[in-house]
Every structure is written in structure tokens, then in C-alpha cells.
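Structure below is query_9.cif: mmCIF, C-alpha atoms and all ligand atoms.
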```
data_coords
#
loop_
_atom_site.group_PDB
_atom_site.id
_atom_site.type_symbol
_atom_site.label_atom_id
_atom_site.label_comp_id
_atom_site.auth_asym_id
_atom_site.auth_seq_id
_atom_site.Cartn_x
_atom_site.Cartn_y
_atom_site.Cartn_z
ATOM 1 C CA MET A 1438 107.365 111.884 130.374
ATOM 2 C CA GLY A 1439 106.381 114.821 132.552
ATOM 3 C CA LYS A 1440 103.452 114.986 134.981
ATOM 4 C CA ALA A 1441 101.129 117.079 132.814
ATOM 5 C CA ASN A 1442 101.634 114.820 129.803
ATOM 6 C CA LEU A 1443 101.168 111.720 131.926
ATOM 7 C CA HIS A 1444 97.875 113.101 133.216
ATOM 8 C CA LYS A 1445 96.710 114.051 129.709
ATOM 9 C CA ARG A 1446 97.585 110.643 128.317
ATOM 10 C CA LEU A 1447 95.872 108.657 131.061
ATOM 11 C CA GLU A 1448 92.760 110.828 130.722
ATOM 12 C CA ARG A 1449 92.590 110.210 126.957
ATOM 13 C CA GLN A 1450 93.248 106.488 127.413
ATOM 14 C CA GLN A 1451 90.170 106.394 129.671
ATOM 15 C CA LEU A 1452 88.109 108.275 127.068
ATOM 16 C CA HIS A 1453 89.277 105.791 124.500
ATOM 17 C CA ILE A 1454 88.302 102.784 126.645
ATOM 18 C CA ALA A 1455 84.905 104.377 127.250
ATOM 19 C CA GLY A 1456 84.375 104.583 123.485
ATOM 20 C CA GLN A 1457 84.289 108.356 123.491
ATOM 21 C CA ALA A 1458 87.315 108.780 121.294
ATOM 22 C CA TRP A 1459 88.817 106.821 118.430
ATOM 23 C CA HIS A 1460 92.090 106.993 116.520
ATOM 24 C CA GLY A 1461 91.498 110.605 115.607
ATOM 25 C CA LYS A 1462 90.207 113.463 117.660
ATOM 26 C CA GLY A 1463 86.633 114.330 118.487
ATOM 27 C CA LEU A 1464 83.698 112.380 119.784
ATOM 28 C CA PHE A 1465 81.561 112.008 116.705
ATOM 29 C CA ARG A 1466 83.725 110.457 114.063
ATOM 30 C CA PHE A 1467 82.527 108.128 111.341
ATOM 31 C CA GLU A 1468 84.460 105.217 112.917
ATOM 32 C CA HIS A 1469 82.274 105.318 116.039
ATOM 33 C CA ARG A 1470 79.258 104.108 114.147
ATOM 34 C CA VAL A 1471 80.631 101.916 111.382
ATOM 35 C CA ASP A 1472 82.862 98.842 111.563
ATOM 36 C CA PHE A 1473 85.184 100.284 108.937
ATOM 37 C CA PRO A 1474 87.749 97.425 108.858
ATOM 38 C CA ARG A 1475 84.961 94.895 108.292
ATOM 39 C CA LEU A 1476 83.548 97.005 105.470
ATOM 40 C CA VAL A 1477 86.968 97.233 103.820
ATOM 41 C CA SER A 1478 87.472 93.464 104.111
ATOM 42 C CA LEU A 1479 84.003 92.806 102.711
ATOM 43 C CA PHE A 1480 84.648 95.133 99.785
ATOM 44 C CA PHE A 1481 87.850 93.345 98.776
ATOM 45 C CA LYS A 1482 86.245 89.916 99.256
ATOM 46 C CA CYS A 1483 83.451 90.947 96.900
ATOM 47 C CA MET A 1484 86.082 92.163 94.428
ATOM 48 C CA GLY A 1485 87.914 88.833 94.655
ATOM 49 C CA LEU A 1486 91.049 90.645 95.840
ATOM 50 C CA TYR A 1487 91.131 89.760 99.556
ATOM 51 C CA GLY A 1488 93.607 86.860 99.121
ATOM 52 C CA ARG A 1489 96.021 89.005 97.151
ATOM 53 C CA GLY A 1490 95.818 91.840 99.683
ATOM 54 C CA TYR A 1491 96.436 89.405 102.552
ATOM 55 C CA ARG A 1492 99.500 87.906 100.842
ATOM 56 C CA ASN A 1493 100.810 91.447 100.315
ATOM 57 C CA TYR A 1494 100.306 92.122 104.047
ATOM 58 C CA LEU A 1495 102.667 89.273 104.954
ATOM 59 C CA ASP A 1496 105.178 89.940 102.171
ATOM 60 C CA ILE A 1497 107.529 92.095 104.254
ATOM 61 C CA ARG A 1498 110.469 93.630 102.402
ATOM 62 C CA VAL A 1499 113.849 94.618 103.802
ATOM 63 C CA VAL A 1500 114.683 98.145 102.641
ATOM 64 C CA GLU A 1501 118.064 99.815 103.126
ATOM 65 C CA ASN A 1502 118.080 103.605 103.511
ATOM 66 C CA VAL A 1503 121.535 105.155 103.322
ATOM 67 C CA VAL A 1504 121.475 108.638 104.807
ATOM 68 C CA ALA A 1505 124.308 111.196 104.982
ATOM 69 C CA LEU A 1506 124.134 113.194 108.185
ATOM 70 C CA PRO A 1507 126.141 116.348 108.947
ATOM 71 C CA GLY A 1508 127.530 116.277 112.463
ATOM 72 C CA LEU A 1509 127.367 112.504 112.905
ATOM 73 C CA PRO A 1510 130.363 111.520 115.059
ATOM 74 C CA PRO A 1511 132.855 109.637 112.821
ATOM 75 C CA THR A 1512 132.858 106.497 114.933
ATOM 76 C CA PHE A 1513 129.170 105.996 114.060
ATOM 77 C CA ASP A 1514 129.803 106.189 110.307
ATOM 78 C CA GLY A 1515 128.208 103.041 108.890
ATOM 79 C CA LEU A 1516 125.974 102.396 111.920
ATOM 80 C CA ARG A 1517 123.027 100.212 110.905
ATOM 81 C CA VAL A 1518 119.756 101.053 112.627
ATOM 82 C CA LEU A 1519 116.881 98.617 112.164
ATOM 83 C CA GLN A 1520 113.485 100.321 112.245
ATOM 84 C CA ILE A 1521 110.359 98.352 113.048
ATOM 85 C CA ALA A 1522 107.111 100.281 112.798
ATOM 86 C CA ASP A 1523 103.381 99.801 113.290
ATOM 87 C CA LEU A 1524 103.449 96.084 114.005
ATOM 88 C CA HIS A 1525 99.812 96.033 115.179
ATOM 89 C CA THR A 1526 100.743 92.520 116.278
ATOM 90 C CA ASP A 1527 97.263 91.429 117.371
ATOM 91 C CA LEU A 1528 95.709 92.039 113.954
ATOM 92 C CA ASP A 1529 96.648 88.631 112.564
ATOM 93 C CA ASP A 1530 98.296 85.532 114.044
ATOM 94 C CA ALA A 1531 100.509 84.991 110.995
ATOM 95 C CA LEU A 1532 102.428 88.261 111.353
ATOM 96 C CA PRO A 1533 105.114 87.201 113.894
ATOM 97 C CA ASP A 1534 106.364 84.339 111.686
ATOM 98 C CA ALA A 1535 106.472 86.648 108.661
ATOM 99 C CA VAL A 1536 108.539 89.217 110.573
ATOM 100 C CA ILE A 1537 110.839 86.590 112.076
ATOM 101 C CA ALA A 1538 111.528 85.101 108.635
ATOM 102 C CA ARG A 1539 112.777 88.496 107.406
ATOM 103 C CA LEU A 1540 114.849 89.101 110.546
ATOM 104 C CA GLN A 1541 116.958 86.011 109.925
ATOM 105 C CA GLY A 1542 120.506 86.974 108.989
ATOM 106 C CA LEU A 1543 119.715 90.694 108.940
ATOM 107 C CA ASP A 1544 122.758 92.879 109.678
ATOM 108 C CA TYR A 1545 122.117 95.741 112.135
ATOM 109 C CA ASP A 1546 123.670 97.283 115.234
ATOM 110 C CA LEU A 1547 120.579 98.404 117.129
ATOM 111 C CA CYS A 1548 116.833 98.264 116.734
ATOM 112 C CA ILE A 1549 114.278 101.008 117.195
ATOM 113 C CA ASN A 1550 110.490 100.650 117.152
ATOM 114 C CA THR A 1551 108.451 103.737 116.260
ATOM 115 C CA GLY A 1552 105.250 102.599 117.928
ATOM 116 C CA ASP A 1553 101.839 101.030 117.468
ATOM 117 C CA PHE A 1554 102.709 97.650 118.930
ATOM 118 C CA ARG A 1555 99.030 96.710 118.997
ATOM 119 C CA ASN A 1556 95.963 97.176 116.834
ATOM 120 C CA ARG A 1557 92.913 96.764 119.065
ATOM 121 C CA THR A 1558 92.908 99.460 121.690
ATOM 122 C CA ARG A 1559 90.053 98.564 123.987
ATOM 123 C CA ASP A 1560 90.883 94.950 124.784
ATOM 124 C CA SER A 1561 93.439 93.207 126.928
ATOM 125 C CA LEU A 1562 97.085 93.869 126.143
ATOM 126 C CA HIS A 1563 97.841 90.161 126.351
ATOM 127 C CA ALA A 1564 97.601 89.172 122.668
ATOM 128 C CA SER A 1565 99.739 92.022 121.384
ATOM 129 C CA MET A 1566 102.353 91.627 124.094
ATOM 130 C CA ALA A 1567 102.609 87.853 123.557
ATOM 131 C CA ALA A 1568 103.102 88.316 119.805
ATOM 132 C CA THR A 1569 105.598 91.153 120.356
ATOM 133 C CA ARG A 1570 107.561 88.946 122.749
ATOM 134 C CA VAL A 1571 107.802 86.181 120.121
ATOM 135 C CA ILE A 1572 109.186 88.656 117.566
ATOM 136 C CA TYR A 1573 111.645 90.282 119.967
ATOM 137 C CA GLU A 1574 113.170 86.915 120.870
ATOM 138 C CA HIS A 1575 114.670 87.133 117.370
ATOM 139 C CA ILE A 1576 116.077 90.653 117.663
ATOM 140 C CA HIS A 1577 119.633 91.167 118.868
ATOM 141 C CA GLY A 1578 121.520 94.174 120.186
ATOM 142 C CA PRO A 1579 120.214 97.255 121.988
ATOM 143 C CA LYS A 1580 116.487 97.890 121.566
ATOM 144 C CA TYR A 1581 114.628 101.179 121.883
ATOM 145 C CA GLY A 1582 111.010 102.141 121.352
ATOM 146 C CA ILE A 1583 108.332 104.792 121.548
ATOM 147 C CA PHE A 1584 104.557 104.607 121.731
ATOM 148 C CA GLY A 1585 102.002 105.343 119.047
ATOM 149 C CA ASN A 1586 98.336 106.220 119.120
ATOM 150 C CA HIS A 1587 97.382 102.527 119.513
ATOM 151 C CA ASP A 1588 99.566 101.990 122.581
ATOM 152 C CA PHE A 1589 98.756 102.296 126.259
ATOM 153 C CA LEU A 1590 101.243 103.165 128.985
ATOM 154 C CA GLU A 1591 100.353 99.924 130.760
ATOM 155 C CA LYS A 1592 102.600 98.125 128.268
ATOM 156 C CA VAL A 1593 105.781 99.646 129.690
ATOM 157 C CA PRO A 1594 106.650 96.815 132.130
ATOM 158 C CA ASP A 1595 106.066 94.074 129.519
ATOM 159 C CA LEU A 1596 108.089 95.831 126.835
ATOM 160 C CA GLU A 1597 110.953 96.739 129.153
ATOM 161 C CA ALA A 1598 111.035 93.099 130.292
ATOM 162 C CA MET A 1599 111.695 92.279 126.618
ATOM 163 C CA GLY A 1600 114.745 94.543 126.780
ATOM 164 C CA ILE A 1601 113.155 97.491 124.974
ATOM 165 C CA ARG A 1602 114.186 100.840 126.435
ATOM 166 C CA LEU A 1603 111.120 103.035 125.979
ATOM 167 C CA LEU A 1604 111.713 106.728 125.390
ATOM 168 C CA LEU A 1605 108.812 108.823 126.681
ATOM 169 C CA ASN A 1606 109.877 112.418 126.091
ATOM 170 C CA GLU A 1607 113.411 111.540 127.029
ATOM 171 C CA SER A 1608 116.850 110.911 125.559
ATOM 172 C CA VAL A 1609 119.626 108.391 126.051
ATOM 173 C CA PRO A 1610 123.236 108.342 124.845
ATOM 174 C CA ILE A 1611 124.700 105.550 122.754
ATOM 175 C CA GLU A 1612 128.430 105.353 123.349
ATOM 176 C CA LYS A 1613 131.152 103.984 121.112
ATOM 177 C CA ASP A 1614 134.909 104.568 121.185
ATOM 178 C CA GLY A 1615 134.484 107.520 123.537
ATOM 179 C CA GLN A 1616 131.963 109.276 121.258
ATOM 180 C CA GLN A 1617 128.234 109.726 121.788
ATOM 181 C CA LEU A 1618 125.162 109.572 119.619
ATOM 182 C CA TRP A 1619 121.930 110.548 121.356
ATOM 183 C CA LEU A 1620 118.568 108.970 120.787
ATOM 184 C CA SER A 1621 115.473 110.976 121.715
ATOM 185 C CA GLY A 1622 111.925 109.669 121.781
ATOM 186 C CA ILE A 1623 108.640 111.486 122.214
ATOM 187 C CA ASP A 1624 105.205 110.203 123.056
ATOM 188 C CA ASP A 1625 102.414 110.160 120.478
ATOM 189 C CA ALA A 1626 101.674 113.594 119.028
ATOM 190 C CA HIS A 1627 98.750 112.501 116.856
ATOM 191 C CA PHE A 1628 96.016 111.474 119.280
ATOM 192 C CA TYR A 1629 97.438 111.676 122.803
ATOM 193 C CA GLU A 1630 99.355 114.918 122.185
ATOM 194 C CA SER A 1631 101.489 114.011 125.167
ATOM 195 C CA HIS A 1632 104.762 114.661 123.349
ATOM 196 C CA ASP A 1633 107.354 117.052 124.716
ATOM 197 C CA ILE A 1634 110.181 117.748 122.299
ATOM 198 C CA ALA A 1635 111.773 120.406 124.505
ATOM 199 C CA ARG A 1636 111.924 118.006 127.453
ATOM 200 C CA ALA A 1637 113.637 115.331 125.356
ATOM 201 C CA ARG A 1638 116.028 117.861 123.826
ATOM 202 C CA SER A 1639 116.965 119.331 127.202
ATOM 203 C CA GLN A 1640 118.595 116.031 128.108
ATOM 204 C CA VAL A 1641 120.934 116.169 125.088
ATOM 205 C CA PRO A 1642 124.211 118.149 125.400
ATOM 206 C CA ASP A 1643 124.149 121.222 123.138
ATOM 207 C CA SER A 1644 126.917 120.047 120.839
ATOM 208 C CA ALA A 1645 125.766 116.421 120.603
ATOM 209 C CA PHE A 1646 124.250 114.763 117.551
ATOM 210 C CA ALA A 1647 120.792 113.352 118.235
ATOM 211 C CA ILE A 1648 118.190 111.319 116.371
ATOM 212 C CA MET A 1649 114.509 111.861 117.110
ATOM 213 C CA LEU A 1650 111.932 109.055 117.210
ATOM 214 C CA SER A 1651 108.407 110.387 116.713
ATOM 215 C CA HIS A 1652 105.531 108.036 115.946
ATOM 216 C CA THR A 1653 103.922 110.542 113.598
ATOM 217 C CA PRO A 1654 106.003 112.716 111.274
ATOM 218 C CA GLN A 1655 103.644 115.645 111.910
ATOM 219 C CA THR A 1656 106.103 116.966 114.510
ATOM 220 C CA TYR A 1657 108.640 117.776 111.773
ATOM 221 C CA ARG A 1658 108.613 121.582 112.171
ATOM 222 C CA GLU A 1659 109.207 121.566 115.930
ATOM 223 C CA VAL A 1660 111.759 118.765 115.694
ATOM 224 C CA GLU A 1661 113.768 120.700 113.096
ATOM 225 C CA ALA A 1662 113.536 123.875 115.162
ATOM 226 C CA ALA A 1663 114.817 121.969 118.194
ATOM 227 C CA GLY A 1664 118.044 121.230 116.300
ATOM 228 C CA TYR A 1665 117.519 117.595 115.318
ATOM 229 C CA ARG A 1666 118.952 116.547 111.948
ATOM 230 C CA PHE A 1667 117.386 113.080 111.586
ATOM 231 C CA MET A 1668 113.956 111.758 112.551
ATOM 232 C CA LEU A 1669 112.357 108.342 112.216
ATOM 233 C CA SER A 1670 108.593 107.926 112.119
ATOM 234 C CA GLY A 1671 105.775 105.611 111.101
ATOM 235 C CA HIS A 1672 102.039 105.984 111.717
ATOM 236 C CA THR A 1673 100.947 106.595 108.114
ATOM 237 C CA HIS A 1674 101.382 102.955 107.048
ATOM 238 C CA GLY A 1675 102.486 104.546 103.778
ATOM 239 C CA GLY A 1676 98.832 104.676 102.845
ATOM 240 C CA GLN A 1677 98.608 100.838 103.180
ATOM 241 C CA ILE A 1678 95.931 100.504 100.494
ATOM 242 C CA CYS A 1679 97.247 102.559 97.611
ATOM 243 C CA LEU A 1680 96.481 103.075 93.967
ATOM 244 C CA PRO A 1681 98.658 101.489 91.257
ATOM 245 C CA GLY A 1682 102.072 103.103 91.228
ATOM 246 C CA GLY A 1683 101.950 103.438 95.009
ATOM 247 C CA HIS A 1684 99.853 106.600 94.883
ATOM 248 C CA ILE A 1685 98.659 107.294 98.424
ATOM 249 C CA ILE A 1686 94.948 107.975 98.885
ATOM 250 C CA SER A 1687 95.346 109.161 102.478
ATOM 251 C CA GLY A 1688 98.220 109.252 104.944
ATOM 252 C CA HIS A 1689 95.982 110.166 107.919
ATOM 253 C CA CYS A 1690 98.602 112.692 108.864
ATOM 254 C CA PRO A 1691 98.773 116.494 108.572
ATOM 255 C CA THR A 1692 102.098 116.649 106.767
ATOM 256 C CA PRO A 1693 103.104 117.340 103.189
ATOM 257 C CA ARG A 1694 102.479 114.263 101.030
ATOM 258 C CA PRO A 1695 106.224 113.381 100.589
ATOM 259 C CA MET A 1696 106.372 112.726 104.341
ATOM 260 C CA TRP A 1697 103.756 109.981 104.167
ATOM 261 C CA ARG A 1698 106.280 107.339 103.092
ATOM 262 C CA GLY A 1699 110.030 106.917 102.704
ATOM 263 C CA PRO A 1700 112.871 109.457 102.929
ATOM 264 C CA TRP A 1701 112.185 113.189 103.042
ATOM 265 C CA GLN A 1702 113.823 116.446 104.065
ATOM 266 C CA TYR A 1703 112.511 119.593 105.726
ATOM 267 C CA GLY A 1704 115.037 122.389 106.183
ATOM 268 C CA GLN A 1705 118.020 120.810 107.915
ATOM 269 C CA LEU A 1706 115.989 117.828 109.119
ATOM 270 C CA LYS A 1707 116.228 114.563 107.201
ATOM 271 C CA GLY A 1708 113.529 112.052 107.931
ATOM 272 C CA TYR A 1709 112.144 108.677 107.050
ATOM 273 C CA THR A 1710 108.541 107.581 107.399
ATOM 274 C CA SER A 1711 108.215 103.811 107.463
ATOM 275 C CA PRO A 1712 105.221 102.361 105.618
ATOM 276 C CA GLY A 1713 104.962 99.969 108.559
ATOM 277 C CA THR A 1714 106.128 96.436 109.222
ATOM 278 C CA GLY A 1715 102.611 95.322 110.055
ATOM 279 C CA SER A 1716 99.347 96.915 109.036
ATOM 280 C CA GLY A 1717 96.386 98.525 110.750
ATOM 281 C CA SER A 1718 92.647 97.843 110.847
ATOM 282 C CA SER A 1719 92.590 95.225 108.045
ATOM 283 C CA PRO A 1720 95.363 92.738 107.179
ATOM 284 C CA LEU A 1721 95.430 93.985 103.623
ATOM 285 C CA ARG A 1722 97.907 95.898 101.494
ATOM 286 C CA PHE A 1723 97.885 97.033 97.915
ATOM 287 C CA ASN A 1724 100.704 98.838 96.077
ATOM 288 C CA CYS A 1725 102.437 99.565 99.387
ATOM 289 C CA PRO A 1726 104.634 96.727 100.711
ATOM 290 C CA PRO A 1727 105.321 96.503 104.442
ATOM 291 C CA GLU A 1728 108.971 96.749 105.406
ATOM 292 C CA LEU A 1729 111.761 96.357 107.879
ATOM 293 C CA THR A 1730 114.035 99.325 107.278
ATOM 294 C CA VAL A 1731 117.771 99.323 107.864
ATOM 295 C CA HIS A 1732 119.060 102.891 108.033
ATOM 296 C CA VAL A 1733 122.763 103.109 107.278
ATOM 297 C CA LEU A 1734 124.106 106.300 108.843
ATOM 298 C CA ARG A 1735 126.957 108.002 107.028
ATOM 299 C CA CYS A 1736 128.937 111.102 107.909
ATOM 300 C CA GLU A 1737 128.179 113.894 105.465
ATOM 301 C CA ILE A 1738 131.458 115.441 104.371
HETATM 302 FE FE FE A 1801 99.881 102.297 113.097
#
```
With the file now loaded, output its structure as C-alpha cells.
Amino acid sequence: MGKANLHKRLERQQLHIAGQAWHGKGLFRFEHRVDFPRLVSLFFKCMGLYGRGYRNYLDIRVVENVVALPGLPPTFDGLRVLQIADLHTDLDDALPDAVIARLQGLDYDLCINTGDFRNRTRDSLHASMAATRVIYEHIHGPKYGIFGNHDFLEKVPDLEAMGIRLLLNESVPIEKDGQQLWLSGIDDAHFYESHDIARARSQVPDSAFAIMLSHTPQTYREVEAAGYRFMLSGHTHGGQICLPGGHIISGHCPTPRPMWRGPWQYGQLKGYTSPGTGSGSSPLRFNCPPELTVHVLRCEI
């Protein structure tokens, strides 16, 4: 991932463990002093809505996103890419079974994970890795992943032992019938800021088609400028607790609102922001179903 970025990330991980930084930046955020997830849960319990929100959290949908991409090599026309996002596996013990139930019989060629494997960031990795392992026993084909703002680098050996090729500011080719599709992945740009788009891009041949994986969509300008034409992200949870009609209260992400959930386009870059397969902080969702997304890549004529 590059020495400078490695150093920056490890330094911020230590700050995080020491309780001097939280999901966002700065040392004096509201979350330092208040157990926000507990307050949210208490609020919905008092409203009599906790049970409904919890059922929504486990009611994972399968969503198909057909996307036409200029420059996609013809042999990859119809490629089905399964996106898993923001599992936050250690938030609730019931999540793995809910994910596995939706994975049964699902048709896809490869699987990518856009980060946030775990929820709690100051405890042992064991719970999140054990739950992730259970889920990944039910995923077939090549597997790729990147890290989010809830992930620590110490997970690399566990995740790679599960067959997940992690992309930390790097790119790999996917080959089929003598043609190549490149997959780039950057580290978290939201909190750790240890992403390096140029480094990932430098590994891709100039004329090759490449897909970018970026935990947060806030990198959209630089990713478009670097010549990428498709990007997959998560991080926003689609708002997770939304108003009726799916109206997002906050995406916790400095991007235009349309990039907080679903398909979007910026210049020549097409993107998709997953609302998350799991959820963060509280196991609750309203007006924003969690999803497994199958992207069907088509050649744009
Ligand atoms: Fe997340």
C-alpha cells in the first residue's frame, strides 16, 4: 500500500485504540462522550419500533444492477459481480445466517467486498473474523476485498486465508479468453486517508479497462480523473435509518446526495454505492433495506 500510507494508517489505528479518534476526524466529537448506538436503540424501543427495525436489518434483498460500460472487453459482457458491503459482522449474531440464506443459488462470477468487515473497532478481531469466515464458506469463485474505516490491517492474514485477495492501493488483472479486466482497490479514504489512487492506477496498462473499489464514494473526482469508468463503494449504509420514501437524513459522506445510495454517474465515471449488506452501530434499519448487489456488466455500444 506504500510505506507512507502504511505508516499513516498504523498511527491512526493506534489513536483509535487509545480512544483519541472515532469514525470521523478530530479528537472532540460527540461520539466520544455519548453511547450513540445505545441512545438510538433506546429511542426506537420507547417508540415501540425496535422489533420492526431489527427485522428490517436482517431482511437482506438481492438487487441486480445492469450497467453499460464503454471500453469493457467483449469477453466480459454479461459478467456478474457480487458486491458485499459493510457487513459489520460482529454487530449481531444473527447476521451470518441471514446473509447465507440470500447467497443460496445466487448466480455470480466473482465476489468483491467494499469494506467494513467489523463494527467494533477497539476490541479483538476474533468475533468479526469468525463470523466473516462462516459467511465466506458459502461464497464461490474469485474473491476480492478492500478495507473500510472500521477495519484494521491486522485482519489481512485471516481474510487472505479465507481466499479473499485484498487490494491495498493495488490492482490485479482478471483474465478470460485472452482478454483482461483490471480490478483496482484503494484503502479507506474517509478516516485513514491512506488511499493512493495513482499507485493503484500505475499498475494498470494504459489501454486496459479497470474497475475501482473504494470504500467511500468521496473519491469520485480523483477516480474519474485517473481514467476509471466504473467504481463500487459502500460506507454510507444508504442512510440506514431513513425517512418514509427512503429519504436519507445523512450519508456521513462528503459527496452529492445521489451518491449516497445506488447507481450514479459523475462525468465519465459510473458508480454504485451499496446501502450495505449489514448495518453499523445499531442493528436497525428503516426505509433502507440492506442488500447483496449483483452488478451485470454490459458492453456499451
Ligand atoms: Fe460501514
Around ligand FE 1801 (chain A), out to 12 Å and counting all atoms listed in the file, which residues are there? I want them as a compact mmCIF listing (two decimals) with C-alpha atoms, in the coordinates of the input.
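Wrote it out as out-v2.txt, contents follow:
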```
# COMPACT_ATOMS: atom_id res chain seq x y z
CA HIS A 1460 92.09 106.99 116.52
CA ILE A 1521 110.36 98.35 113.05
CA ALA A 1522 107.11 100.28 112.80
CA ASP A 1523 103.38 99.80 113.29
CA LEU A 1524 103.45 96.08 114.00
CA HIS A 1525 99.81 96.03 115.18
CA THR A 1526 100.74 92.52 116.28
CA ASP A 1527 97.26 91.43 117.37
CA LEU A 1528 95.71 92.04 113.95
CA ASN A 1550 110.49 100.65 117.15
CA THR A 1551 108.45 103.74 116.26
CA GLY A 1552 105.25 102.60 117.93
CA ASP A 1553 101.84 101.03 117.47
CA PHE A 1554 102.71 97.65 118.93
CA ARG A 1555 99.03 96.71 119.00
CA ASN A 1556 95.96 97.18 116.83
CA ARG A 1557 92.91 96.76 119.06
CA THR A 1558 92.91 99.46 121.69
CA PHE A 1584 104.56 104.61 121.73
CA GLY A 1585 102.00 105.34 119.05
CA ASN A 1586 98.34 106.22 119.12
CA HIS A 1587 97.38 102.53 119.51
CA ASP A 1588 99.57 101.99 122.58
CA ASP A 1625 102.41 110.16 120.48
CA HIS A 1627 98.75 112.50 116.86
CA PHE A 1628 96.02 111.47 119.28
CA HIS A 1652 105.53 108.04 115.95
CA THR A 1653 103.92 110.54 113.60
CA SER A 1670 108.59 107.93 112.12
CA GLY A 1671 105.78 105.61 111.10
CA HIS A 1672 102.04 105.98 111.72
CA THR A 1673 100.95 106.60 108.11
CA HIS A 1674 101.38 102.96 107.05
CA GLY A 1675 102.49 104.55 103.78
CA GLY A 1676 98.83 104.68 102.84
CA GLN A 1677 98.61 100.84 103.18
CA GLY A 1688 98.22 109.25 104.94
CA HIS A 1689 95.98 110.17 107.92
CA CYS A 1690 98.60 112.69 108.86
CA THR A 1710 108.54 107.58 107.40
CA SER A 1711 108.22 103.81 107.46
CA PRO A 1712 105.22 102.36 105.62
CA GLY A 1713 104.96 99.97 108.56
CA THR A 1714 106.13 96.44 109.22
CA GLY A 1715 102.61 95.32 110.06
CA SER A 1716 99.35 96.92 109.04
CA GLY A 1717 96.39 98.52 110.75
CA SER A 1718 92.65 97.84 110.85
CA SER A 1719 92.59 95.22 108.04
CA PRO A 1727 105.32 96.50 104.44
```
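Against this structure, the PyMOL selection byres (((chain A and resi 1544) around 12) and not hetatm) ends up with Val1499, Val1500, Glu1501, Gly1515, Leu1516, Arg1517, Val1518, Leu1519, Arg1539, Leu1540, Gln1541, Gly1542, Leu1543, Tyr1545, Asp1546, Leu1547, Cys1548, Ile1576, His1577, Gly1578, Leu1729, Thr1730, Val1731, His1732 and Val1733 of chain A.
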### Selected residue of minimal separation from Lys1440 (chain A) among A:Thr1692, A:Ile1685, A:Leu1596, A:Leu1605, counting all atoms listed in the file
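Among A:Thr1692, A:Ile1685, A:Leu1596, A:Leu1605, it is A:Leu1605 that comes nearest to Lys1440 (chain A).
Distances from A:Gly1683, A:Arg1570, A:Ile1549, A:Ala1637 to Arg1602 (chain A) were compared using all atoms listed in the file, and the smallest one belongs to A:Ile1549.
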Residues within 8 Å of Tyr1491 (chain A), please, as a CSV table (one decimal) with C-alpha atoms, in the frame of the given file. Count all atoms listed in the file; anything in the same chain fewer than 6 positions from it doesn't count.
```
chain,number,residue,atom,x,y,z
A,1720,PRO,CA,95.4,92.7,107.2
A,1721,LEU,CA,95.4,94.0,103.6
A,1722,ARG,CA,97.9,95.9,101.5
```
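Rounded to one decimal, CA of Gln1450 (chain A) and CA of Phe1589 (chain A) lie 7.0 Å from each other.
Distances from A:Asp1496, A:Glu1574, A:Glu1737, A:Asp1472 to Asp1514 (chain A) were compared using only C-alpha atoms, and the smallest one belongs to A:Glu1737.
Taken over the whole file, the PyMOL selection byres (((chain A and resi 1573) around 10) and not hetatm) covers exactly Pro1533, Val1536, Ile1537, Ala1568, Thr1569, Arg1570, Val1571, Ile1572, Glu1574, His1575, Ile1576, His1577, Lys1580, Leu1596, Met1599, Gly1600 and Ile1601 of chain A.
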Restricting it to C-alpha atoms, dump the selection as a PDB file, in the coordinates of the input.
```pdb
ATOM      1  CA  PRO A1533     105.114  87.201 113.894  1.00  0.00           C
ATOM      2  CA  VAL A1536     108.539  89.217 110.573  1.00  0.00           C
ATOM      3  CA  ILE A1537     110.839  86.590 112.076  1.00  0.00           C
ATOM      4  CA  ALA A1568     103.102  88.316 119.805  1.00  0.00           C
ATOM      5  CA  THR A1569     105.598  91.153 120.356  1.00  0.00           C
ATOM      6  CA  ARG A1570     107.561  88.946 122.749  1.00  0.00           C
ATOM      7  CA  VAL A1571     107.802  86.181 120.121  1.00  0.00           C
ATOM      8  CA  ILE A1572     109.186  88.656 117.566  1.00  0.00           C
ATOM      9  CA  GLU A1574     113.170  86.915 120.870  1.00  0.00           C
ATOM     10  CA  HIS A1575     114.670  87.133 117.370  1.00  0.00           C
ATOM     11  CA  ILE A1576     116.077  90.653 117.663  1.00  0.00           C
ATOM     12  CA  HIS A1577     119.633  91.167 118.868  1.00  0.00           C
ATOM     13  CA  LYS A1580     116.487  97.890 121.566  1.00  0.00           C
ATOM     14  CA  LEU A1596     108.089  95.831 126.835  1.00  0.00           C
ATOM     15  CA  MET A1599     111.695  92.279 126.618  1.00  0.00           C
ATOM     16  CA  GLY A1600     114.745  94.543 126.780  1.00  0.00           C
ATOM     17  CA  ILE A1601     113.155  97.491 124.974  1.00  0.00           C
TER      18      ILE A1601
END
```
### Non-local contacts of Met1696 (chain A) (8 Å; all atoms listed in the file; under 5 positions in same chain excluded) as a ChimeraX atom specification
/A:1654,1701,1709-1710
## Note on the structure
Computed gap from CA of Arg1498 (chain A) to CA of Tyr1665 (chain A) is 28.1 Å
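Counting all atoms listed in the file and comparing A:Pro1594, A:Ile1583, A:Phe1481, A:Ile1611, the residue that lies closest to His1632 (chain A) is A:Ile1583.
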### Message
Would you compute the distance between CA of Ile1678 (chain A) and CA of Gly1490 (chain A)? Give it in Å to one decimal.
### Response
8.7 Å
### Query
Written as a PyMOL selection string, what is the full residue list that the PyMOL selection byres (((chain A and resi 1703) around 12) and not hetatm) yields on the file shown?
chain A and resi 1654-1662+1665-1668+1692-1693+1695-1696+1700-1702+1704-1709
### Which of A:Pro1691, A:Gly1682, A:Trp1697, A:Glu1630 sits closest to Glu1448 (chain A) [using all atoms listed in the file]
A:Glu1630
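Shortest atom-to-atom contact with Ile1634 (chain A) among A:Glu1597, A:Glu1728, A:Glu1607, A:Asp1560: A:Glu1607, counting only C-alpha atoms.
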Centre, x/y/z edge lengths, axis-aligned box for region 1509-1523 of chain A with 3 Å per side, as JSON:
```
{"center_x": 118.1, "center_y": 105.4, "center_z": 112.0, "size_x": 35.5, "size_y": 20.2, "size_z": 12.2}
```
